[in-house]
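Chemist: structure31.tsv is reproduced below (TSV, C-alpha atoms).
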```
chain	number	residue	atom	x	y	z
A	475	ALA	CA	0.00	0.00	0.00
A	476	LEU	CA	2.88	2.39	0.83
A	477	LEU	CA	4.65	1.74	-2.47
A	478	GLY	CA	1.36	2.07	-4.38
A	479	GLY	CA	0.63	5.42	-2.70
A	480	LEU	CA	4.13	6.74	-3.46
A	481	ARG	CA	3.85	5.65	-7.08
A	482	SER	CA	0.40	7.17	-7.47
A	483	SER	CA	1.41	10.60	-6.14
A	484	ALA	CA	4.64	10.70	-8.18
A	485	GLN	CA	2.83	9.62	-11.34
A	486	MET	CA	0.07	12.21	-10.90
A	487	VAL	CA	2.55	15.07	-10.35
A	488	SER	CA	4.70	13.98	-13.30
A	489	TYR	CA	2.00	13.71	-15.94
A	490	GLU	CA	-0.44	16.47	-15.00
A	491	ILE	CA	2.24	19.06	-15.93
A	492	ALA	CA	2.52	17.69	-19.47
A	493	MET	CA	-1.28	17.38	-19.68
A	494	GLY	CA	-1.76	21.00	-18.65
A	495	MET	CA	0.87	22.24	-21.10
A	496	SER	CA	-0.72	20.30	-23.98
A	497	THR	CA	-3.88	22.41	-23.57
A	498	ILE	CA	-2.01	25.74	-23.97
A	499	PRO	CA	-1.76	25.48	-27.82
A	500	ILE	CA	-5.56	24.94	-27.88
A	501	LEU	CA	-6.12	28.10	-25.85
A	502	LEU	CA	-3.71	30.03	-28.08
A	503	LEU	CA	-5.60	28.92	-31.18
A	504	ALA	CA	-9.08	29.53	-29.75
A	505	GLY	CA	-8.11	32.76	-27.98
A	506	ASN	CA	-10.45	31.79	-25.15
A	507	VAL	CA	-10.70	29.33	-22.26
A	508	SER	CA	-14.42	28.69	-22.86
A	509	LEU	CA	-15.15	25.17	-24.10
A	510	ASN	CA	-17.91	26.60	-26.34
A	511	SER	CA	-15.35	28.89	-28.00
A	512	ILE	CA	-12.91	26.00	-28.48
A	513	ILE	CA	-15.62	23.94	-30.22
A	514	ALA	CA	-16.65	26.94	-32.37
A	515	GLN	CA	-13.01	27.44	-33.39
A	516	GLN	CA	-12.77	23.79	-34.47
A	517	ALA	CA	-15.90	24.21	-36.61
A	518	THR	CA	-14.01	26.99	-38.46
A	519	THR	CA	-10.43	25.70	-38.83
A	520	GLY	CA	-11.03	21.95	-38.49
A	521	TRP	CA	-10.65	19.57	-35.55
A	522	ASN	CA	-7.63	20.18	-33.33
A	523	VAL	CA	-6.55	16.55	-33.68
A	524	PHE	CA	-5.29	17.57	-37.14
A	525	GLY	CA	-4.15	21.14	-36.45
A	526	LEU	CA	-2.57	20.28	-33.06
A	527	SER	CA	-1.66	16.60	-33.48
A	528	VAL	CA	1.36	16.66	-31.17
A	529	ALA	CA	-0.71	18.27	-28.38
A	530	PHE	CA	-3.30	15.50	-28.83
A	531	PHE	CA	-0.63	12.81	-28.52
A	532	ILE	CA	0.73	14.37	-25.32
A	533	PHE	CA	-2.76	14.80	-23.85
A	534	LEU	CA	-3.73	11.22	-24.75
A	535	VAL	CA	-0.66	9.66	-23.09
A	536	ALA	CA	-1.02	11.91	-20.04
A	537	ALA	CA	-4.72	11.00	-19.77
A	538	PHE	CA	-3.82	7.30	-19.65
A	539	ALA	CA	-1.24	8.02	-16.95
A	540	GLU	CA	-3.56	10.28	-14.91
A	541	THR	CA	-6.34	7.67	-14.88
A	542	ASN	CA	-3.91	4.86	-13.88
A	543	ARG	CA	-4.83	2.70	-16.85
A	544	LEU	CA	-2.55	0.28	-18.67
A	545	PRO	CA	0.25	0.68	-19.64
A	546	PHE	CA	0.49	3.16	-16.72
A	547	ASP	CA	-1.24	1.18	-13.93
A	548	LEU	CA	1.92	1.04	-11.80
A	549	PRO	CA	0.20	2.19	-8.54
A	550	GLU	CA	-1.91	-1.00	-8.56
A	551	ALA	CA	0.42	-3.37	-10.40
A	552	GLU	CA	-1.03	-6.79	-9.55
A	553	SER	CA	2.15	-8.70	-10.38
A	554	GLU	CA	4.25	-6.56	-7.99
A	555	LEU	CA	2.05	-4.83	-5.39
A	556	VAL	CA	-1.07	-7.09	-5.31
A	557	ALA	CA	-3.37	-4.04	-5.69
A	558	GLY	CA	-1.29	-1.15	-4.33
A	559	TYR	CA	-3.15	1.17	-1.96
A	560	HIS	CA	-6.37	-0.75	-2.71
A	561	THR	CA	-5.20	-3.47	-0.31
A	562	GLU	CA	-6.16	-1.12	2.58
A	563	TYR	CA	-9.84	-1.20	1.60
A	564	SER	CA	-12.73	-3.62	1.17
A	565	GLY	CA	-16.46	-3.50	0.56
A	566	MET	CA	-17.98	-0.23	-0.66
A	567	ALA	CA	-14.80	1.78	0.01
A	568	PHE	CA	-12.96	-0.56	-2.39
A	569	ALA	CA	-15.77	-0.21	-4.95
A	570	MET	CA	-15.60	3.60	-4.75
A	571	PHE	CA	-12.01	3.55	-6.00
A	572	PHE	CA	-13.05	1.64	-9.10
A	573	LEU	CA	-16.09	3.88	-9.63
A	574	SER	CA	-13.84	6.95	-9.43
A	575	GLU	CA	-11.34	5.38	-11.87
A	576	TYR	CA	-14.02	4.76	-14.48
A	577	SER	CA	-15.51	8.22	-13.84
A	578	ALA	CA	-12.05	9.65	-14.54
A	579	MET	CA	-11.93	7.66	-17.81
A	580	ILE	CA	-15.27	9.11	-18.91
A	581	THR	CA	-14.16	12.64	-17.95
A	582	ALA	CA	-10.85	12.28	-19.83
A	583	SER	CA	-12.70	10.90	-22.88
A	584	ALA	CA	-15.16	13.82	-22.80
A	585	LEU	CA	-12.28	16.30	-22.54
A	586	MET	CA	-10.41	14.72	-25.48
A	587	THR	CA	-13.64	14.84	-27.50
A	588	THR	CA	-14.20	18.51	-26.64
A	589	LEU	CA	-10.63	19.76	-27.03
A	590	PHE	CA	-9.51	17.76	-30.07
A	591	PHE	CA	-12.49	16.16	-31.84
A	592	GLY	CA	-14.89	19.07	-32.17
A	593	GLY	CA	-17.12	18.21	-29.21
A	594	TRP	CA	-20.71	17.98	-30.43
A	595	ASP	CA	-19.73	19.06	-33.97
A	596	ILE	CA	-21.00	16.63	-36.62
A	597	PRO	CA	-18.31	16.08	-39.29
A	598	PHE	CA	-18.81	17.41	-42.86
A	599	THR	CA	-21.83	19.51	-41.87
A	600	SER	CA	-22.32	23.15	-40.84
A	601	TRP	CA	-26.06	23.26	-40.04
A	602	ASP	CA	-25.44	22.01	-36.49
A	603	ASN	CA	-23.44	25.17	-35.69
A	604	ALA	CA	-25.80	27.69	-37.29
A	605	GLY	CA	-29.45	28.66	-37.18
A	606	ALA	CA	-32.04	28.28	-34.47
A	607	TRP	CA	-32.22	25.59	-31.80
A	608	SER	CA	-34.28	22.48	-32.53
A	609	VAL	CA	-34.94	19.15	-30.83
A	610	LEU	CA	-33.50	17.21	-33.79
A	611	LYS	CA	-30.30	19.27	-33.70
A	612	THR	CA	-29.94	18.68	-29.95
A	613	VAL	CA	-30.46	14.92	-30.27
A	614	LEU	CA	-28.03	14.56	-33.19
A	615	THR	CA	-25.29	16.70	-31.63
A	616	PHE	CA	-25.62	14.83	-28.33
A	617	GLY	CA	-25.42	11.57	-30.31
A	618	ALA	CA	-22.24	12.78	-32.05
A	619	PHE	CA	-20.65	13.75	-28.71
A	620	ALA	CA	-21.64	10.45	-27.05
A	621	THR	CA	-20.28	8.43	-30.00
A	622	LYS	CA	-16.88	10.13	-29.76
A	623	VAL	CA	-16.75	9.61	-25.98
A	624	LEU	CA	-17.66	5.92	-26.39
A	625	PHE	CA	-14.89	5.55	-28.98
A	626	PHE	CA	-12.33	6.80	-26.47
A	627	LEU	CA	-13.69	4.47	-23.78
A	628	PHE	CA	-13.33	1.59	-26.23
A	629	PHE	CA	-9.79	2.84	-26.96
A	630	TYR	CA	-8.95	2.65	-23.24
A	631	ILE	CA	-10.09	-0.98	-23.16
A	632	TRP	CA	-8.34	-1.74	-26.45
A	633	ILE	CA	-5.01	-0.46	-25.08
A	634	ARG	CA	-5.54	-2.54	-21.91
A	635	TRP	CA	-5.90	-5.67	-24.04
A	636	THR	CA	-2.90	-4.81	-26.21
A	637	LEU	CA	0.02	-3.27	-24.32
A	638	PRO	CA	2.07	-4.63	-21.40
A	639	ARG	CA	2.82	-2.57	-18.28
A	640	PHE	CA	5.83	-0.21	-18.22
A	641	ARG	CA	8.59	-0.46	-15.66
A	642	TYR	CA	8.43	2.33	-13.09
A	643	ASP	CA	11.69	3.99	-14.21
A	644	GLN	CA	10.40	3.99	-17.81
A	645	LEU	CA	7.18	5.68	-16.67
A	646	MET	CA	9.03	8.48	-14.85
A	647	SER	CA	11.58	8.88	-17.63
A	648	LEU	CA	8.83	9.25	-20.25
A	649	GLY	CA	7.07	11.92	-18.21
A	650	TRP	CA	10.07	14.10	-17.35
A	651	LYS	CA	12.60	13.47	-20.15
A	652	PHE	CA	10.23	13.24	-23.14
A	653	MET	CA	6.72	14.58	-22.50
A	654	LEU	CA	7.71	17.75	-20.65
A	655	PRO	CA	10.41	18.98	-23.10
A	656	VAL	CA	8.21	18.14	-26.11
A	657	ALA	CA	5.23	20.00	-24.59
A	658	LEU	CA	7.37	23.09	-23.90
A	659	ALA	CA	8.93	23.11	-27.38
A	660	TYR	CA	5.51	22.59	-28.99
A	661	ILE	CA	4.01	25.61	-27.21
A	662	VAL	CA	6.78	27.81	-28.67
A	663	ILE	CA	6.36	26.34	-32.19
A	664	VAL	CA	2.55	26.72	-32.21
A	665	ALA	CA	2.71	30.27	-30.79
A	666	THR	CA	5.23	31.22	-33.52
A	667	ALA	CA	3.11	29.61	-36.26
A	668	ILE	CA	-0.08	31.38	-35.10
A	669	LEU	CA	1.74	34.72	-34.89
A	670	ALA	CA	3.23	34.24	-38.38
A	671	LEU	CA	-0.11	33.21	-39.96
A	672	ASP	CA	-1.95	36.14	-38.35
A	673	ALA	CA	0.79	38.55	-39.45
A	674	ALA	CA	0.55	37.17	-43.02
A	675	GLY	CA	-3.19	37.88	-43.00
A	676	VAL	CA	-4.34	34.26	-43.31
A	677	ALA	CA	-7.99	34.13	-42.25
A	678	ARG	CA	-9.20	31.50	-39.77
A	679	GLY	CA	-10.63	28.79	-42.00
A	680	PRO	CA	-9.78	25.58	-43.89
A	681	LEU	CA	-6.49	27.03	-45.27
A	682	TYR	CA	-5.39	28.03	-41.76
A	683	GLY	CA	-6.14	24.51	-40.50
A	684	ALA	CA	-4.36	22.90	-43.48
A	685	ILE	CA	-1.17	24.91	-42.84
A	686	LEU	CA	-1.20	23.92	-39.15
A	687	PHE	CA	-1.78	20.28	-40.17
A	688	GLY	CA	1.24	20.43	-42.48
A	689	ILE	CA	3.42	21.81	-39.67
A	690	ASN	CA	2.21	19.05	-37.32
A	691	LEU	CA	2.85	16.38	-39.94
A	692	VAL	CA	6.49	17.49	-40.16
A	693	LEU	CA	6.76	17.56	-36.35
A	694	LEU	CA	5.26	14.07	-36.01
A	695	VAL	CA	7.78	12.69	-38.54
A	696	LEU	CA	10.63	14.36	-36.60
A	697	LEU	CA	9.23	13.08	-33.30
A	698	PHE	CA	8.56	9.43	-34.20
A	699	VAL	CA	10.77	8.66	-37.20
A	700	VAL	CA	13.90	10.81	-36.91
```
For this file, produce the structure as structure tokens.

Modeler:
Amino acid sequence: ALLGGLRSSAQMVSYEIAMGMSTIPILLLAGNVSLNSIIAQQATTGWNVFGLSVAFFIFLVAAFAETNRLPFDLPEAESELVAGYHTEYSGMAFAMFFLSEYSAMITASALMTTLFFGGWDIPFTSWDNAGAWSVLKTVLTFGAFATKVLFFLFFYIWIRWTLPRFRYDQLMSLGWKFMLPVALAYIVIVATAILALDAAGVARGPLYGAILFGINLVLLVLLFVV
């Protein structure tokens, strides 16, 4: 239980910094901290998963680490610590930990949907973001949002079935030596790109999103291939 608690606190501190920094490019692009404004911006320039791909990758990995899911479930590693700090609890108290873990998964999935996948925006349509309110529009946009959230929940389970657990030193090294420097460098690159595009007079629209996507494509090649 002691080792599990130490691991959990260290893991949370390590990865929430990278997670927070990965949201800064989104705020720079939207110019607002309102989730409504972020979704409206994605309806104009395209989903942030394309325009801010590196930020999405950082947020996704950090979300897995923050929710203690495989391959980052070191605080409750069954093969080493039995169940970590869960060994202190039984009955409903034990169940509450699992309920909170799955609640965190749903929250992280909803945040990824909102910040990177256009929230309630239905792809290849514009009528859902314009005109008057209607019951049909509400049902369809809620359906679009729920579908995206369910995809990420499936992705959580898919990763659990697929990847083995990291060693603890690998987990800490990834957080501090890779995620943090990449997040810091990416903030500078995105801020420079936004400043340059605005100075060049490029209007917020499909062209703006395409240029950002091209920059991210180059960065992803440098990050994963080179």

Chemist: Using all atoms listed in the file, which residue out of A:Leu614, A:Leu585, A:Leu697, A:Ile512 lies closest to A:Ala657?

Modeler: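 Distance minimum relative to A:Ala657 lands on A:Leu697.
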
Chemist: As a list in words, please: the residues near A:Phe530 (cut-off 10 Å, only C-alpha atoms, same-chain neighbours under 3 positions excluded).

Modeler: Met493, Ser496, Thr497, Ile500, Asn522, Val523, Phe524, Gly525, Leu526, Ser527, Phe533, Leu534, Val535, Ala536, Met586, Leu589, Phe590 and Phe591 of chain A

Chemist: Would you please work out which residue, of A:Met653, A:Pro597, A:Gly675, A:Ala475, is nearest to A:Phe531 when using all atoms listed in the file?

Modeler: A:Met653

Chemist: Can you tell me how far atom CA of A:Met486 sits from atom CA of A:Tyr660, in Å to one decimal?

Modeler: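 Separating atom CA of A:Met486 from atom CA of A:Tyr660 is a distance of 21.6 Å.
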
Chemist: Check the smallest atom-to-atom distance from each of A:Phe626, A:Asp547, A:Ile663, A:Phe652 to A:Leu693 using only C-alpha atoms, then report the winner.

Modeler: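 Ranked by minimum distance to A:Leu693, first place goes to A:Ile663.
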
Chemist: Which residue out of A:Thr615, A:Asp643, A:Ile668, A:Trp594 has the minimum interatomic distance to A:Ala514 when all atoms listed in the file are used?

Modeler: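 With all atoms listed in the file as the atom set, the closest residue is A:Trp594.
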
Chemist: For a test of reading the model, state the distance in Å between atom CA of A:Ile580 and atom CA of A:Phe546, rounded to one decimal.

Modeler: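 Those two atoms sit 17.0 Å apart.
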
Chemist: So, with all atoms listed in the file as the atoms that count, which of A:Thr599, A:Thr636, A:Thr561, A:Thr588 lies closest to A:Leu509?

Modeler: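 Using all atoms listed in the file, the shortest distance to A:Leu509 belongs to A:Thr588.
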
Chemist: What is the atom CA of A:Phe619 to atom CA of A:Tyr682 distance in Å?

Modeler: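 Value for the atom CA of A:Phe619-atom CA of A:Tyr682 distance: 24.6 Å.
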